[in-house]
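Visitor: Next comes the structure file final-v4.tsv, holding TSV, C-alpha atoms.
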chain	number	residue	atom	x	y	z
A	7	MET	CA	0.00	0.00	0.00
A	8	LYS	CA	1.51	3.30	-1.08
A	9	TYR	CA	1.52	5.84	1.74
A	10	HIS	CA	3.37	8.66	0.03
A	11	ILE	CA	3.35	10.99	-2.96
A	12	SER	CA	6.79	10.86	-4.57
A	13	ARG	CA	8.79	12.23	-7.44
A	14	ILE	CA	12.44	12.08	-8.47
A	15	VAL	CA	13.90	15.36	-9.70
A	16	ASP	CA	17.10	15.73	-11.71
A	17	SER	CA	18.49	18.63	-9.67
A	18	SER	CA	20.73	19.19	-6.69
A	19	PHE	CA	19.45	18.63	-3.18
A	20	GLU	CA	19.57	22.34	-2.24
A	21	GLU	CA	17.85	23.40	-5.46
A	22	VAL	CA	15.05	20.88	-4.95
A	23	LYS	CA	14.72	21.92	-1.31
A	24	ASN	CA	14.20	25.54	-2.34
A	25	ARG	CA	11.76	24.52	-5.05
A	26	ILE	CA	9.59	22.31	-2.83
A	27	ILE	CA	9.44	24.95	-0.09
A	28	GLU	CA	8.27	27.51	-2.64
A	29	SER	CA	5.85	25.05	-4.24
A	30	LEU	CA	4.36	24.19	-0.83
A	31	LYS	CA	4.03	27.89	-0.08
A	32	ASN	CA	2.12	28.36	-3.34
A	33	GLN	CA	-0.34	25.70	-2.12
A	34	GLY	CA	-0.88	27.42	1.24
A	35	PHE	CA	1.64	25.48	3.34
A	36	GLY	CA	4.36	26.82	5.56
A	37	ILE	CA	7.34	24.89	6.89
A	38	ILE	CA	7.08	24.77	10.67
A	39	THR	CA	9.83	22.21	11.32
A	40	GLU	CA	12.92	20.99	9.53
A	41	ILE	CA	14.96	18.00	10.60
A	42	ASP	CA	18.36	17.37	9.01
A	43	LEU	CA	18.79	13.61	9.47
A	44	GLN	CA	22.19	13.63	7.76
A	45	LYS	CA	23.51	16.00	10.43
A	46	THR	CA	21.73	14.16	13.27
A	47	PHE	CA	23.03	10.74	12.23
A	48	THR	CA	26.56	12.11	11.87
A	49	ASN	CA	26.53	13.94	15.22
A	50	LYS	CA	24.66	11.34	17.30
A	51	LEU	CA	25.69	8.06	15.70
A	52	GLY	CA	28.87	8.84	13.79
A	53	LYS	CA	27.14	7.54	10.64
A	54	ASP	CA	27.67	9.15	7.26
A	55	VAL	CA	24.54	9.26	5.11
A	56	ALA	CA	23.45	11.21	2.05
A	57	PRO	CA	21.47	14.41	2.57
A	58	TYR	CA	18.02	13.62	4.00
A	59	HIS	CA	15.68	16.28	5.40
A	60	ILE	CA	12.20	16.03	6.86
A	61	LEU	CA	10.09	19.17	6.40
A	62	GLY	CA	7.01	19.60	8.56
A	63	ALA	CA	4.52	21.31	6.24
A	64	CYS	CA	1.37	22.87	7.63
A	65	ASN	CA	-1.60	24.38	5.85
A	66	PRO	CA	-3.07	26.46	8.70
A	67	GLN	CA	-6.62	26.50	7.32
A	68	TYR	CA	-6.80	22.73	6.93
A	69	ALA	CA	-5.08	22.17	10.30
A	70	PHE	CA	-7.62	24.46	12.00
A	71	GLU	CA	-10.53	22.62	10.39
A	72	ALA	CA	-9.07	19.20	11.22
A	73	ILE	CA	-8.61	20.07	14.89
A	74	GLY	CA	-12.18	21.37	14.88
A	75	VAL	CA	-13.55	17.97	13.88
A	76	GLU	CA	-11.03	15.77	15.71
A	77	GLU	CA	-9.39	17.42	18.73
A	78	ARG	CA	-6.44	15.03	19.01
A	79	ILE	CA	-5.53	14.99	15.32
A	80	GLY	CA	-2.56	17.19	16.14
A	81	THR	CA	-0.79	13.94	17.00
A	82	MET	CA	-0.69	13.33	13.25
A	83	LEU	CA	0.31	16.83	12.16
A	84	PRO	CA	2.15	18.40	10.38
A	85	CYS	CA	2.36	16.75	6.97
A	86	ASN	CA	5.87	15.41	6.54
A	87	VAL	CA	7.67	16.01	3.29
A	88	ILE	CA	11.06	14.38	2.86
A	89	LEU	CA	13.93	15.22	0.59
A	90	ARG	CA	16.68	12.71	0.04
A	91	GLN	CA	19.62	12.77	-2.27
A	92	LEU	CA	19.71	9.63	-4.40
A	93	GLU	CA	22.91	10.39	-6.25
A	94	GLU	CA	24.69	13.55	-7.27
A	95	GLY	CA	22.22	15.70	-9.17
A	96	GLN	CA	19.17	13.57	-8.34
A	97	THR	CA	16.81	14.17	-5.42
A	98	GLU	CA	13.61	12.45	-4.33
A	99	ILE	CA	10.67	14.37	-2.88
A	100	SER	CA	8.14	12.34	-0.90
A	101	ALA	CA	5.11	13.67	0.95
A	102	VAL	CA	2.87	11.75	3.28
A	103	ASP	CA	-0.45	10.71	1.77
A	104	PRO	CA	-2.86	12.26	4.30
A	105	VAL	CA	-5.75	10.12	3.07
A	106	LYS	CA	-3.82	6.97	4.01
A	107	SER	CA	-2.88	8.51	7.37
A	108	MET	CA	-6.46	9.38	8.19
A	109	GLU	CA	-7.67	5.83	7.54
A	110	ALA	CA	-6.63	5.16	11.13
A	111	VAL	CA	-9.24	7.65	12.38
A	112	ASP	CA	-12.95	6.87	12.22
A	113	ASN	CA	-14.15	10.32	11.15
A	114	GLU	CA	-15.64	10.83	7.68
A	115	HIS	CA	-15.35	14.62	7.74
A	116	LEU	CA	-11.66	14.32	8.56
A	117	LYS	CA	-11.19	11.96	5.62
A	118	GLU	CA	-12.80	14.57	3.32
A	119	LEU	CA	-10.39	17.22	4.61
A	120	ALA	CA	-7.49	14.84	4.03
A	121	GLY	CA	-8.55	14.50	0.38
A	122	GLY	CA	-8.22	18.26	-0.05
A	123	VAL	CA	-4.80	18.28	1.58
A	124	LYS	CA	-3.68	15.39	-0.62
A	125	GLU	CA	-4.61	17.35	-3.76
A	126	LEU	CA	-2.52	20.30	-2.58
A	127	LEU	CA	0.45	18.11	-1.72
A	128	GLU	CA	0.25	16.38	-5.11
A	129	LYS	CA	0.36	19.78	-6.82
A	130	ALA	CA	3.26	20.93	-4.67
A	131	VAL	CA	5.32	17.81	-5.40
A	132	ALA	CA	4.49	17.91	-9.13
A	133	ASN	CA	5.43	21.58	-9.44
A	134	ALA	CA	8.65	21.50	-7.44
Show me this structure written as structure tokens.
Guide:
Amino acid sequence: MKYHISRIVDSSFEEVKNRIIESLKNQGFGIITEIDLQKTFTNKLGKDVAPYHILGACNPQYAFEAIGVEERIGTMLPCNVILRQLEEGQTEISAVDPVKSMEAVDNEHLKELAGGVKELLEKAVANA
């Protein structure tokens, strides 16, 4: 079962990072967290890995509506978008599929909201 929206881009990691942040912004998302796993794994484990970032993307309007219909849904927010370098000049973008995430919650209205968020994430990934 596919749980993500993904695309491989023939561009550098930093270029794709800038592009996806801008593309998410164009779809109403802001980045509220950023985790640099490459740095964390190096500093905490002494392991060398390729660039890998997790961006916590939040669309405030959808988040507000989701919390309004399911008070504890914040445990599943924000929408994670990852960037990982595959090889030099090639970067993968993957975003969580919010519809798949919301299957764990028995709330039809929430599932409808997730469909709207999925459409926006698909556009953001496609346009990055």
Visitor: For A:Asn133, which of A:Lys53, A:Lys8, A:Arg13, A:His59 is the closest residue, counting all atoms listed in the file?
Guide: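 That would be A:Arg13, the residue with the smallest distance to A:Asn133.
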Visitor: Stretch 80-89 of chain A: which residues within 6 Å, counting only C-alpha atoms, same-chain residues fewer than 6 positions away excluded, as a list in words?
Guide: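 Within the cut-off, the hits are Tyr58, His59, Ile60, Leu61, Gly62, Ala63, Cys64, Glu98, Ile99, Ser100, Ala101 and Val102 of chain A.
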Visitor: How many Å separate atom CA of A:Glu125 from atom CA of A:Gln33?
Guide: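 Interatomic distance, atom CA of A:Glu125 to atom CA of A:Gln33: 9.5 Å.
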Visitor: What does the distance between atom CA of A:Met7 and atom CA of A:Ala69 come to in Å, to one decimal place?
Guide: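 Atom-to-atom, atom CA of A:Met7 to atom CA of A:Ala69, that is 25.0 Å.
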Visitor: Between A:Ser107, A:Asn113, A:Asn49, A:Asn24, single out the one closest to A:Ala134, counting all atoms listed in the file.
Guide: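 Of all the options, A:Asn24 lies closest to A:Ala134.
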Visitor: Work out how far atom CA of A:Val123 is from atom CA of A:Gly74, in Å to one decimal.
Guide: 15.5 Å
Visitor: So which one's closest to A:Val15, A:Asp103, A:Glu109, A:Leu43, A:Gln91? Using all atoms listed in the file, please.
Guide: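 That would be A:Gln91, the residue with the smallest distance to A:Val15.
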Visitor: Using only C-alpha atoms, find the one residue out of A:Glu128, A:Glu93, A:Ile41, A:Val111 that sits nearest to A:Glu77.
Guide: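 Between A:Glu128, A:Glu93, A:Ile41, A:Val111, the residue approaching A:Glu77 most closely is A:Val111.
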Visitor: Which residue is closest to A:Ala56? Choose from A:Ile14, A:Leu92, A:Ala130, A:Ile26 and count only C-alpha atoms.
Guide: A:Leu92
Visitor: With only C-alpha atoms as the atoms that count, which of A:Ile11, A:Lys124, A:Gly36, A:Pro57 lies nearest to A:Gln96?
Guide: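 Residue with the minimum atom-to-atom distance to A:Gln96: A:Pro57.
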Visitor: Please output stretch 109-130 of chain A, rebuilt to include N, CA and C atoms, as a short mmCIF file (atom, residue, chain, number, x, y, z; two decimals), in the frame of the given file.
Guide:
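What landed in selection-v2.cif:
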data_model
loop_
_atom_site.label_atom_id
_atom_site.label_comp_id
_atom_site.auth_asym_id
_atom_site.auth_seq_id
_atom_site.Cartn_x
_atom_site.Cartn_y
_atom_site.Cartn_z
N GLU A 109 -6.92 7.08 7.48
CA GLU A 109 -7.67 5.83 7.54
C GLU A 109 -7.67 5.25 8.95
N ALA A 110 -6.71 5.65 9.75
CA ALA A 110 -6.63 5.16 11.13
C ALA A 110 -7.66 5.83 12.05
N VAL A 111 -8.30 6.89 11.56
CA VAL A 111 -9.24 7.65 12.38
C VAL A 111 -10.65 7.47 11.81
N ASP A 112 -11.57 7.10 12.65
CA ASP A 112 -12.95 6.87 12.22
C ASP A 112 -13.73 8.18 12.25
N ASN A 113 -13.49 9.02 11.22
CA ASN A 113 -14.15 10.32 11.15
C ASN A 113 -14.27 10.70 9.66
N GLU A 114 -15.45 10.60 9.11
CA GLU A 114 -15.64 10.83 7.68
C GLU A 114 -15.30 12.26 7.26
N HIS A 115 -15.65 13.24 8.10
CA HIS A 115 -15.35 14.62 7.74
C HIS A 115 -13.84 14.84 7.66
N LEU A 116 -13.12 14.21 8.57
CA LEU A 116 -11.66 14.32 8.56
C LEU A 116 -11.08 13.70 7.28
N LYS A 117 -11.65 12.61 6.85
CA LYS A 117 -11.19 11.96 5.62
C LYS A 117 -11.43 12.86 4.40
N GLU A 118 -12.54 13.61 4.40
CA GLU A 118 -12.80 14.57 3.32
C GLU A 118 -11.75 15.67 3.32
N LEU A 119 -11.43 16.19 4.50
CA LEU A 119 -10.39 17.22 4.61
C LEU A 119 -9.06 16.68 4.09
N ALA A 120 -8.75 15.45 4.46
CA ALA A 120 -7.49 14.84 4.03
C ALA A 120 -7.41 14.76 2.51
N GLY A 121 -8.54 14.53 1.85
CA GLY A 121 -8.55 14.50 0.38
C GLY A 121 -8.15 15.84 -0.20
N GLY A 122 -8.61 16.93 0.41
CA GLY A 122 -8.22 18.26 -0.05
C GLY A 122 -6.75 18.52 0.16
N VAL A 123 -6.22 18.10 1.29
CA VAL A 123 -4.80 18.28 1.58
C VAL A 123 -3.96 17.45 0.61
N LYS A 124 -4.42 16.24 0.31
CA LYS A 124 -3.68 15.39 -0.62
C LYS A 124 -3.57 16.06 -1.99
N GLU A 125 -4.65 16.65 -2.47
CA GLU A 125 -4.61 17.35 -3.76
C GLU A 125 -3.56 18.45 -3.76
N LEU A 126 -3.50 19.21 -2.68
CA LEU A 126 -2.52 20.30 -2.58
C LEU A 126 -1.09 19.77 -2.54
N LEU A 127 -0.87 18.70 -1.79
CA LEU A 127 0.45 18.11 -1.72
C LEU A 127 0.87 17.52 -3.07
N GLU A 128 -0.06 16.90 -3.76
CA GLU A 128 0.25 16.38 -5.11
C GLU A 128 0.68 17.49 -6.04
N LYS A 129 -0.01 18.63 -5.99
CA LYS A 129 0.36 19.78 -6.82
C LYS A 129 1.73 20.31 -6.44
N ALA A 130 1.96 20.40 -5.13
CA ALA A 130 3.26 20.93 -4.67
C ALA A 130 4.42 20.04 -5.13
#
